[in-house]
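Below: one structure, written as structure tokens.
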Amino acid sequence: MSGFYVTTPIYYVNAEPHLGHAYTTIVGDALSRWHRLLGDDVMYLTGTDEHGLKIRQAADAAGQTPQAFCDTIAPKFADAWTRLNITNDDFIRTTEPRHYAAVEELLQRCYDAGDIELDTYSGKYCVACEEYFTDEELLEDGLCPIHKRPVDHFEEENYFFRLSRFQDRLLKWYDEHPGVIKPEFRGNEALGLIRGGLRDFSVSRTSLDWGIPLPWDERHVAYVWFDALTNYLSATGFGDPSVDYTNRWPVDYHLIGKDIIRHHCVYWPAMLMSAGVDLPKGWAVGGWLLVDGEKMAKSTGNVVNPLDLIDVVGVDGFRYYVLAETSYGSDGDFSFEGLVGRYNSDLANNLGNLAARVATVVGKKCDGVGPAPRSDSPLAEAAANAVAGATSGWDAVAPSRALDATWGLIKATNAYLETNEPWKSEPGAEVNAVMGDALEALRIITILASPAVPQTSELIWQRLGLSGSVTDQRIPSDVEWGGYTGGAPVEKGTPLFPRIAS
Ligand code: MSP
């Protein structure tokens with residue numbers, strides 16, 4: 001069994017979970033579920049980023065200590081992920097002792113390697129980004145290019161990570177590991193940042209106490225990005241001498257948004273090189289979900305609460321929309337009309353209709369018991385294509401492609417039924433053959449669709465009278481044509497996806 005370790009960014013607790021957070025977390029969940037179907041030993045990590053000035057200020061504004069403030073918000077993320085049926089194997093908080101141990105270990109290693117040195121910083125800082133900017137990087141009116149807000153002037157003694165020493169090493173490494181950043185155009189963005197020249201970055205603050213003290217100089221706390229990135233190691237047991245962190249590390253994929261490429265694809269690998277830790281096997285960079293053309297964020301005020309949308313389209317409806325609508329890597333436009341439109345077309349009219357139709361006809365023409373498929377069914381090829389397309393889509397961390405391939409089989413099966421019109425025929429061998437084929441296709445569809453729509457898939461699985469659970473199935477062996485042998489009672493049940501008036 002091979003291991004598969006995948007992470008989301010850890011989310012700042014200054015805001016409650018919103019659609020932008022849910023997006024990456026659902027992609028990670030679906031990818032994890034796919035890998036469990038492949039039989040991999042999956043570790044899916046998410047969590048919360050709780051230190052730094054931004055959180056300190058949010059806690060002050062709420063009139064709470066930072067720790068108390070974090071303790072009220074972090075569970076809201078965990079609860080949101082439970083409601084969205086997210087199967088994370090761990091949830092890391094940067095205020096946990098195991099994380100302190102890992103950050104201290106990583107800092108010390110970089111310091112001992114001579115890559116962290118004391119210097120003075122003077123310049124502009126955006127608190128929302130937790131990032132310094134040069135004058136050239138700011139907008140013409142001096143505002144932060146991401147948040148379009150004023151920046152602060154900072155001057156203080158900081159320890160610096162000598163990133164400038166890593167340009168050649170990073171370029172060489174990326175050259176030797178083509179395709180590690182997906183999709184390719186996002187990898188090119190990272191290379192562009194490295195080629196453009198690397199500035200040392202500060203890894204400590206003295207003006208702030210809400211953070212992890214440097215092991216060799218307690219007057220300083222670790223810069224929040226150094227602290228945050230290390231979470232991916234903390235969860236493997238790095239920093240705990242009794243654990244072999246390489247059982248999990250290196251990570252297979254860091255899922256990130258395009259706004260944090262610099263931190264993950266430039267800072268992080270350099271930090272790991274300095275510390276003598278292996279580099280990640282992959283990064284998968286998503287675009288932004290835009291609402292009215294703007295990134296959804298607390299600072300722009302266009303926050304959509306994902307949990308409100310569940311009430312309209314259900315958990316699976318929401319998950320499916322997020323995964324299918326946007327090609328991962330590119331920006332996507334979120335709209336309520338788009339959400340309802342996809343639900344009605346792909347879920348109500350396609351998947352829901354197929355499941356209902358199959359059960360109805362089996363009920364009326366086959367005494368409610370599923371007949372066996374034909375081994376030379378005309379649908380067998382469509383099923384093989386769907387399996388191949390879904391496999392290559394998930395392999396490329398391209399959920400929309402994987403689902404498109406899966407829905408190709410749903411459409412082919414509906415078309416097959418429309419051509420054969422078994423509902424018009426007398427019961428007998430011909431109807432049995434057609435319905436056996438449709439049932440087998442639906443069984444395979446149910447497995448392939450389960451990473452996106454897990455609850456619905458499980459329900460269809462049970463209604464088809466199949467044994468065990470859909471999550472026990474393995475790809476490719478259980479998605480080969482002919483796995484369904486017939487003879488099980490098929491239950492119709494209530495509509496899976498009732499149409500929503502738009
Ligand atoms: N705490 C840092 C990440 C540290 S990881 C070591 C952070 N947190 S965040 O909560 O602001 O954002 C986390 C991720 O959510 C980012 O990658 C960001 O791109 C993503 N999203 C936030 N809003 C988004 C959208 N509107 N659309 C898609 N993803 C966006 O940055």
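Each chain in the structure tokens gets a letter, A, B, ..., in the order shown, and its residues are numbered from 1; ligands are numbered from 1 in order too.
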Counting only C-alpha atoms and all ligand atoms, give me one row per residue of chain A with an atom at most 6 Å from an atom of ligand 1, showing the shortest contact pair and its distance in Å to one decimal, sorted by chain then residue number, as a tab-separated table.
```
residue	atom	partner	partner_atom_place_in_ligand_line	distance
A:Pro9	CA	ligand 1	5 (S)	3.8
A:Ile10	CA	ligand 1	5 (S)	4.6
A:Tyr11	CA	ligand 1	10 (O)	3.6
A:Tyr12	CA	ligand 1	10 (O)	4.3
A:Gly20	CA	ligand 1	25 (C)	3.5
A:His21	CA	ligand 1	15 (O)	4.8
A:Asp49	CA	ligand 1	1 (N)	5.0
A:Ala228	CA	ligand 1	6 (C)	4.4
A:Leu229	CA	ligand 1	6 (C)	3.8
A:Ile256	CA	ligand 1	17 (O)	4.5
A:Gly257	CA	ligand 1	17 (O)	3.3
A:Lys258	CA	ligand 1	19 (O)	5.7
A:Asp259	CA	ligand 1	19 (O)	5.2
A:Ile260	CA	ligand 1	17 (O)	5.6
A:Gly287	CA	ligand 1	28 (C)	5.9
A:Trp288	CA	ligand 1	27 (N)	3.5
A:Leu289	CA	ligand 1	27 (N)	3.8
A:Leu290	CA	ligand 1	26 (N)	5.7
A:Lys295	CA	ligand 1	26 (N)	4.5
A:Met296	CA	ligand 1	26 (N)	3.8
A:Ala297	CA	ligand 1	23 (N)	5.6
```
Taking C-alpha atoms for each residue, export the selection above as a PDB file, in the first residue's frame.
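Writing the result to again-v9.pdb gives the following:
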```
ATOM      1  CA  PRO A   9      -3.444  25.759   3.483  1.00  0.00           C
ATOM      2  CA  ILE A  10      -4.166  26.356   7.131  1.00  0.00           C
ATOM      3  CA  TYR A  11      -6.788  29.057   7.340  1.00  0.00           C
ATOM      4  CA  TYR A  12      -6.469  32.281   9.261  1.00  0.00           C
ATOM      5  CA  GLY A  20     -12.919  30.316  -0.716  1.00  0.00           C
ATOM      6  CA  HIS A  21     -11.771  28.110   2.165  1.00  0.00           C
ATOM      7  CA  ASP A  49      -3.243  29.455  11.246  1.00  0.00           C
ATOM      8  CA  ALA A 228       2.479  28.463   9.349  1.00  0.00           C
ATOM      9  CA  LEU A 229       4.357  26.606   6.614  1.00  0.00           C
ATOM     10  CA  ILE A 256      -2.796  26.072  -2.302  1.00  0.00           C
ATOM     11  CA  GLY A 257      -4.406  29.173  -3.776  1.00  0.00           C
ATOM     12  CA  LYS A 258      -2.538  31.175  -6.389  1.00  0.00           C
ATOM     13  CA  ASP A 259      -2.001  34.028  -3.916  1.00  0.00           C
ATOM     14  CA  ILE A 260       0.365  31.958  -1.804  1.00  0.00           C
ATOM     15  CA  GLY A 287      -7.297  29.914  -8.788  1.00  0.00           C
ATOM     16  CA  TRP A 288      -9.721  32.079  -6.913  1.00  0.00           C
ATOM     17  CA  LEU A 289     -13.454  31.777  -6.771  1.00  0.00           C
ATOM     18  CA  LEU A 290     -14.614  35.242  -7.666  1.00  0.00           C
ATOM     19  CA  LYS A 295     -11.722  37.475  -4.676  1.00  0.00           C
ATOM     20  CA  MET A 296     -14.010  36.579  -1.862  1.00  0.00           C
ATOM     21  CA  ALA A 297     -12.433  37.721   1.344  1.00  0.00           C
TER      22      ALA A 297
END
```
- request: Please give the complete set of residues from stretch 5-58 of chain A that DSSP, run on the backbone, assigns to strand (DSSP E or B), formatted as a list of chain:residue names.
  value: A:Tyr5, A:Val6, A:Thr7, A:Tyr11, A:Tyr12, A:Asp41, A:Val42, A:Met43, A:Tyr44, A:Leu45, A:Thr46, A:Gly47, A:Thr48, A:Asp49
Keeping only all heavy atoms, write those residues as a CSV table (one decimal), in the first residue's frame.
```csv
chain,number,residue,atom,x,y,z
A,5,TYR,N,-0.1,11.7,1.1
A,5,TYR,CA,-0.3,12.8,2.0
A,5,TYR,C,-0.6,14.0,1.3
A,5,TYR,O,0.1,14.4,0.4
A,5,TYR,CB,1.1,12.9,2.8
A,5,TYR,CG,1.1,14.0,3.8
A,5,TYR,CD1,0.0,14.6,4.4
A,5,TYR,CD2,2.4,14.5,4.2
A,5,TYR,CE1,0.1,15.6,5.4
A,5,TYR,CE2,2.5,15.5,5.2
A,5,TYR,CZ,1.3,16.1,5.7
A,5,TYR,OH,1.4,17.1,6.7
A,6,VAL,N,-1.7,14.6,1.6
A,6,VAL,CA,-2.2,15.9,1.0
A,6,VAL,C,-2.6,16.9,2.0
A,6,VAL,O,-3.2,16.5,3.0
A,6,VAL,CB,-3.3,15.5,-0.1
A,6,VAL,CG1,-4.5,14.8,0.6
A,6,VAL,CG2,-3.7,16.8,-0.8
A,7,THR,N,-2.3,18.2,1.7
A,7,THR,CA,-2.6,19.2,2.7
A,7,THR,C,-3.4,20.4,2.0
A,7,THR,O,-3.3,20.6,0.8
A,7,THR,CB,-1.3,19.8,3.2
A,7,THR,OG1,-0.7,20.5,2.2
A,7,THR,CG2,-0.4,18.8,3.8
A,11,TYR,N,-6.0,27.8,7.5
A,11,TYR,CA,-6.8,29.1,7.3
A,11,TYR,C,-6.6,30.0,8.5
A,11,TYR,O,-6.7,29.6,9.7
A,11,TYR,CB,-8.3,28.7,7.1
A,11,TYR,CG,-8.4,27.8,5.9
A,11,TYR,CD1,-8.8,26.4,6.1
A,11,TYR,CD2,-8.1,28.2,4.6
A,11,TYR,CE1,-8.9,25.6,5.0
A,11,TYR,CE2,-8.1,27.3,3.5
A,11,TYR,CZ,-8.5,26.0,3.7
A,11,TYR,OH,-8.6,25.2,2.7
A,12,TYR,N,-6.5,31.3,8.2
A,12,TYR,CA,-6.5,32.3,9.3
A,12,TYR,C,-7.8,32.3,10.0
A,12,TYR,O,-8.9,32.3,9.4
A,12,TYR,CB,-6.3,33.7,8.7
A,12,TYR,CG,-4.9,34.0,8.1
A,12,TYR,CD1,-4.7,34.5,6.8
A,12,TYR,CD2,-3.8,33.8,8.9
A,12,TYR,CE1,-3.4,34.8,6.4
A,12,TYR,CE2,-2.5,34.1,8.4
A,12,TYR,CZ,-2.3,34.6,7.2
A,12,TYR,OH,-1.1,34.9,6.7
A,41,ASP,N,-2.8,4.6,1.5
A,41,ASP,CA,-2.9,4.9,2.9
A,41,ASP,C,-2.9,6.4,2.9
A,41,ASP,O,-1.8,7.0,2.9
A,41,ASP,CB,-1.7,4.3,3.6
A,41,ASP,CG,-1.6,4.7,5.0
A,41,ASP,OD1,-2.7,5.2,5.6
A,41,ASP,OD2,-0.5,4.6,5.6
A,42,VAL,N,-4.1,7.0,3.0
A,42,VAL,CA,-4.2,8.5,2.9
A,42,VAL,C,-4.0,9.2,4.2
A,42,VAL,O,-4.6,8.8,5.2
A,42,VAL,CB,-5.5,8.9,2.2
A,42,VAL,CG1,-5.8,10.4,2.2
A,42,VAL,CG2,-5.6,8.3,0.8
A,43,MET,N,-3.3,10.3,4.2
A,43,MET,CA,-3.4,11.3,5.3
A,43,MET,C,-3.8,12.6,4.7
A,43,MET,O,-3.0,13.2,3.9
A,43,MET,CB,-2.0,11.4,6.0
A,43,MET,CG,-2.0,12.6,6.8
A,43,MET,SD,-1.1,12.4,8.3
A,43,MET,CE,-0.1,13.9,8.4
A,44,TYR,N,-4.9,13.1,5.1
A,44,TYR,CA,-5.4,14.4,4.6
A,44,TYR,C,-5.4,15.4,5.7
A,44,TYR,O,-6.1,15.2,6.7
A,44,TYR,CB,-6.8,14.2,4.0
A,44,TYR,CG,-7.4,15.5,3.5
A,44,TYR,CD1,-6.7,16.5,3.0
A,44,TYR,CD2,-8.8,15.7,3.6
A,44,TYR,CE1,-7.2,17.7,2.5
A,44,TYR,CE2,-9.4,16.9,3.1
A,44,TYR,CZ,-8.6,17.9,2.6
A,44,TYR,OH,-9.1,19.1,2.2
A,45,LEU,N,-4.6,16.4,5.6
A,45,LEU,CA,-4.4,17.4,6.7
A,45,LEU,C,-5.0,18.8,6.3
A,45,LEU,O,-4.8,19.3,5.2
A,45,LEU,CB,-2.9,17.6,6.9
A,45,LEU,CG,-2.6,18.6,8.0
A,45,LEU,CD1,-2.9,18.1,9.4
A,45,LEU,CD2,-1.1,19.0,7.9
A,46,THR,N,-5.7,19.3,7.3
A,46,THR,CA,-6.1,20.7,7.2
A,46,THR,C,-6.0,21.3,8.6
A,46,THR,O,-5.6,20.6,9.5
A,46,THR,CB,-7.6,20.9,6.6
A,46,THR,OG1,-7.8,22.3,6.4
A,46,THR,CG2,-8.6,20.4,7.5
A,47,GLY,N,-6.3,22.6,8.7
A,47,GLY,CA,-6.1,23.2,10.1
A,47,GLY,C,-6.2,24.7,10.1
A,47,GLY,O,-6.7,25.3,9.1
A,48,THR,N,-5.8,25.3,11.1
A,48,THR,CA,-5.9,26.7,11.3
A,48,THR,C,-4.6,27.4,11.6
A,48,THR,O,-3.8,26.9,12.4
A,48,THR,CB,-7.0,27.1,12.4
A,48,THR,OG1,-6.8,26.2,13.5
A,48,THR,CG2,-8.4,27.0,11.8
A,49,ASP,N,-4.4,28.6,11.1
A,49,ASP,CA,-3.2,29.5,11.2
A,49,ASP,C,-3.6,30.5,12.3
A,49,ASP,O,-4.4,31.4,12.0
A,49,ASP,CB,-3.0,30.1,9.9
A,49,ASP,CG,-1.6,30.8,9.8
A,49,ASP,OD1,-0.9,30.9,10.8
A,49,ASP,OD2,-1.3,31.2,8.7
```
Alpha helix (DSSP H) per DSSP on the backbone: members of stretch 72-308 of chain A, as a PyMOL selection string: chain A and resi 72-83+97-112+167-176+184-195+224-229+231-234+261+268-275+306-308
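Going from atom CA of A:Glu136 over to atom CA of A:Phe160, you cover 20.9 Å.
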query: Could you name the residues that touch stretch 101-114 of chain A at 12 Å or less, counting only C-alpha atoms, but leaving out those on the same chain fewer than 4 positions away, as number ranges by chain?
result: A: 94-97, 118, 159-163, 165, 203-204, 211-218, 221-241, 243, 245, 268, 270-277
message: So that I can see what lies close to A:Gly352, please list as a ChimeraX atom specification the residues with an atom at most 10 Å from it, counting only C-alpha atoms and leaving out residues fewer than 5 positions away in the same chain.
response: /A:344-347,357,410,456,460,495-499
message: Please list as number ranges by chain every residue within 12 Å of stretch 373-381 of chain A, counting only C-alpha atoms and excluding residues in the same chain fewer than 3 positions away.
response: A: 370, 384-388, 408-417, 419-420, 429-445, 479-487
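Going from atom CA of A:Val151 to atom CA of A:Pro66 covers 22.5 Å.
When only C-alpha atoms are used to compute distances to A:Trp407, the closest of the residues A:Pro269, A:Asp367, A:Asn350, A:Ala22 turns out to be A:Asn350.
Distance-wise, atom CA of A:Gly28 and atom CA of A:Gln455 end up 16.9 Å apart.
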message: List the spatial neighbours of A:Asn14 as JSON, numbers by chain - criterion: any atom at most 10 Å away, only C-alpha atoms, same-chain residues fewer than 3 positions off excluded.
response: {"A": [11, 17, 49, 50, 54, 55, 56, 57, 58, 59, 69, 70, 73, 74, 128, 298]}
Only N, CA and C atoms, please: the residues just picked out, written as a compact mmCIF listing (two decimals), in the first residue's frame.
```txt
# COMPACT_ATOMS: atom_id res chain seq x y z
N TYR A 11 -6.02 27.83 7.54
CA TYR A 11 -6.79 29.06 7.34
C TYR A 11 -6.65 29.99 8.53
N PRO A 17 -15.21 30.45 8.32
CA PRO A 17 -15.04 29.72 7.07
C PRO A 17 -15.94 30.27 5.96
N ASP A 49 -4.45 28.63 11.10
CA ASP A 49 -3.24 29.45 11.25
C ASP A 49 -3.59 30.52 12.29
N GLU A 50 -2.98 30.45 13.46
CA GLU A 50 -3.51 31.20 14.61
C GLU A 50 -2.59 32.28 15.18
N LYS A 54 -2.18 39.83 12.42
CA LYS A 54 -3.57 39.87 11.95
C LYS A 54 -4.51 39.25 12.99
N ILE A 55 -4.09 38.14 13.55
CA ILE A 55 -4.94 37.45 14.54
C ILE A 55 -4.94 38.25 15.85
N ARG A 56 -3.76 38.74 16.21
CA ARG A 56 -3.66 39.56 17.42
C ARG A 56 -4.65 40.73 17.33
N GLN A 57 -4.66 41.41 16.18
CA GLN A 57 -5.55 42.57 16.03
C GLN A 57 -7.02 42.15 16.05
N ALA A 58 -7.31 41.01 15.43
CA ALA A 58 -8.71 40.54 15.43
C ALA A 58 -9.15 40.20 16.85
N ALA A 59 -8.24 39.61 17.63
CA ALA A 59 -8.57 39.27 19.02
C ALA A 59 -8.78 40.54 19.83
N PHE A 69 -9.66 33.85 21.67
CA PHE A 69 -10.26 34.17 20.37
C PHE A 69 -10.10 32.98 19.40
N CYS A 70 -8.87 32.45 19.32
CA CYS A 70 -8.61 31.31 18.42
C CYS A 70 -9.46 30.11 18.83
N ILE A 73 -12.86 30.42 17.27
CA ILE A 73 -13.01 30.34 15.80
C ILE A 73 -12.56 29.00 15.24
N ALA A 74 -11.46 28.44 15.74
CA ALA A 74 -10.94 27.19 15.15
C ALA A 74 -12.02 26.10 15.08
N ALA A 128 -2.84 42.41 6.49
CA ALA A 128 -3.76 41.40 5.95
C ALA A 128 -2.98 40.28 5.26
N LYS A 298 -12.74 38.51 3.57
CA LYS A 298 -13.35 39.35 4.59
C LYS A 298 -13.12 40.82 4.27
```
Write out as a CSV table (one decimal) with all heavy atoms, in the first residue's frame each polymer residue whose atoms come within 12 Å of A:Gly192, counting only C-alpha atoms; drop sequence neighbours fewer than 4 positions from it.
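Generated output (around23.csv):
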```
chain,number,residue,atom,x,y,z
A,167,GLN,N,18.6,31.0,-5.0
A,167,GLN,CA,18.1,31.1,-6.3
A,167,GLN,C,18.5,30.0,-7.2
A,167,GLN,O,17.7,29.3,-7.8
A,167,GLN,CB,18.5,32.5,-6.9
A,167,GLN,CG,17.8,32.7,-8.3
A,167,GLN,CD,18.2,34.1,-8.8
A,167,GLN,OE1,19.3,34.6,-8.5
A,167,GLN,NE2,17.3,34.6,-9.7
A,170,LEU,N,17.3,26.5,-6.2
A,170,LEU,CA,15.9,26.3,-6.4
A,170,LEU,C,15.6,26.0,-7.9
A,170,LEU,O,14.9,25.1,-8.3
A,170,LEU,CB,15.0,27.5,-6.0
A,170,LEU,CG,14.8,27.6,-4.4
A,170,LEU,CD1,14.2,28.9,-4.1
A,170,LEU,CD2,14.0,26.4,-3.9
A,171,LEU,N,16.3,26.9,-8.7
A,171,LEU,CA,16.1,26.7,-10.2
A,171,LEU,C,16.5,25.3,-10.7
A,171,LEU,O,15.9,24.7,-11.5
A,171,LEU,CB,16.8,27.8,-11.0
A,171,LEU,CG,16.2,29.2,-10.8
A,171,LEU,CD1,17.0,30.3,-11.5
A,171,LEU,CD2,14.8,29.2,-11.5
A,174,TYR,N,14.0,22.7,-9.5
A,174,TYR,CA,12.7,22.7,-10.3
A,174,TYR,C,13.0,22.1,-11.7
A,174,TYR,O,12.2,21.4,-12.3
A,174,TYR,CB,12.1,24.0,-10.4
A,174,TYR,CG,11.2,24.3,-9.2
A,174,TYR,CD1,11.5,25.4,-8.3
A,174,TYR,CD2,10.1,23.6,-8.9
A,174,TYR,CE1,10.7,25.6,-7.2
A,174,TYR,CE2,9.3,23.8,-7.8
A,174,TYR,CZ,9.6,24.9,-6.9
A,174,TYR,OH,8.8,25.1,-5.8
A,185,PHE,N,1.0,26.1,-15.9
A,185,PHE,CA,1.1,27.6,-16.0
A,185,PHE,C,1.4,28.2,-14.6
A,185,PHE,O,2.0,29.2,-14.4
A,185,PHE,CB,0.0,28.3,-16.7
A,185,PHE,CG,-1.3,28.3,-16.0
A,185,PHE,CD1,-1.8,29.5,-15.4
A,185,PHE,CD2,-2.2,27.2,-16.0
A,185,PHE,CE1,-3.0,29.5,-14.7
A,185,PHE,CE2,-3.4,27.3,-15.4
A,185,PHE,CZ,-3.8,28.4,-14.8
A,186,ARG,N,0.9,27.5,-13.6
A,186,ARG,CA,1.1,28.0,-12.2
A,186,ARG,C,2.6,27.7,-11.8
A,186,ARG,O,3.2,28.5,-11.1
A,186,ARG,CB,0.2,27.4,-11.2
A,186,ARG,CG,-1.3,27.7,-11.4
A,186,ARG,CD,-1.5,29.2,-11.1
A,186,ARG,NE,-2.9,29.6,-11.3
A,186,ARG,CZ,-3.4,30.8,-11.5
A,186,ARG,NH1,-2.5,31.8,-11.5
A,186,ARG,NH2,-4.6,31.1,-11.7
A,187,GLY,N,3.1,26.6,-12.3
A,187,GLY,CA,4.5,26.3,-12.1
A,187,GLY,C,5.4,27.4,-12.7
A,187,GLY,O,6.4,27.8,-12.2
A,188,ASN,N,5.0,27.9,-13.9
A,188,ASN,CA,5.8,28.9,-14.6
A,188,ASN,C,5.7,30.2,-13.8
A,188,ASN,O,6.7,30.9,-13.8
A,188,ASN,CB,5.2,29.2,-16.0
A,188,ASN,CG,5.5,28.0,-16.9
A,188,ASN,OD1,6.4,27.2,-16.6
A,188,ASN,ND2,4.7,27.8,-17.9
A,196,GLY,N,13.1,36.1,-11.1
A,196,GLY,CA,13.1,37.6,-10.9
A,196,GLY,C,14.0,38.1,-9.8
A,196,GLY,O,14.1,39.3,-9.6
A,197,GLY,N,14.6,37.1,-9.1
A,197,GLY,CA,15.5,37.5,-8.0
A,197,GLY,C,14.8,37.4,-6.6
A,197,GLY,O,13.6,37.6,-6.5
A,198,LEU,N,15.6,36.9,-5.7
A,198,LEU,CA,15.0,36.6,-4.4
A,198,LEU,C,15.6,37.5,-3.3
A,198,LEU,O,16.8,37.6,-3.2
A,198,LEU,CB,15.3,35.1,-4.0
A,198,LEU,CG,14.7,34.1,-5.0
A,198,LEU,CD1,15.1,32.7,-4.6
A,198,LEU,CD2,13.2,34.2,-5.1
A,261,ILE,N,1.6,31.3,-3.8
A,261,ILE,CA,2.6,30.6,-4.5
A,261,ILE,C,4.0,30.9,-4.0
A,261,ILE,O,4.9,30.1,-3.8
A,261,ILE,CB,2.6,30.9,-6.0
A,261,ILE,CG1,1.3,30.3,-6.6
A,261,ILE,CG2,3.8,30.4,-6.8
A,261,ILE,CD1,1.1,30.6,-8.1
A,262,ARG,N,4.2,32.2,-3.8
A,262,ARG,CA,5.6,32.6,-3.3
A,262,ARG,C,6.0,31.9,-2.0
A,262,ARG,O,7.1,31.4,-1.9
A,262,ARG,CB,5.6,34.2,-3.1
A,262,ARG,CG,7.0,34.7,-2.7
A,262,ARG,CD,6.9,36.1,-2.3
A,262,ARG,NE,6.6,37.0,-3.4
A,262,ARG,CZ,7.4,37.5,-4.3
A,262,ARG,NH1,8.7,37.1,-4.2
A,262,ARG,NH2,7.0,38.3,-5.2
A,265,CYS,N,6.1,27.8,-2.9
A,265,CYS,CA,6.9,27.3,-3.9
A,265,CYS,C,8.3,28.0,-4.0
A,265,CYS,O,9.1,27.6,-4.8
A,265,CYS,CB,6.2,27.4,-5.3
A,265,CYS,SG,4.6,26.7,-5.3
A,266,VAL,N,8.5,29.0,-3.2
A,266,VAL,CA,9.8,29.6,-3.1
A,266,VAL,C,10.3,29.6,-1.7
A,266,VAL,O,11.4,29.0,-1.5
A,266,VAL,CB,9.7,31.1,-3.6
A,266,VAL,CG1,11.1,31.7,-3.7
A,266,VAL,CG2,9.0,31.2,-5.0
```
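You can rank A:Leu84, A:Val340, A:Ile181, A:Cys126 by their closest distance to A:Glu325 using only C-alpha atoms, and at the top of that list sits A:Val340.
Closest approach to A:Leu354 among A:Cys144, A:Glu418, A:Arg219, A:Gln64: A:Glu418, based on only C-alpha atoms.
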- prompt: Taking only C-alpha atoms into account, which of A:Gly332, A:Pro250, A:Pro371, A:Pro306 comes nearest A:Ala359?
  reply: A:Pro371
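With only C-alpha atoms as the basis for measurement, A:Trp210 is the residue among A:Lys182, A:Trp210, A:His18, A:Asn349 that approaches A:Leu53 most closely.
Closest approach to A:Ser477 among A:Ile116, A:Gly341, A:Ile447, A:Leu139 is made by A:Ile447 (distances from only C-alpha atoms).
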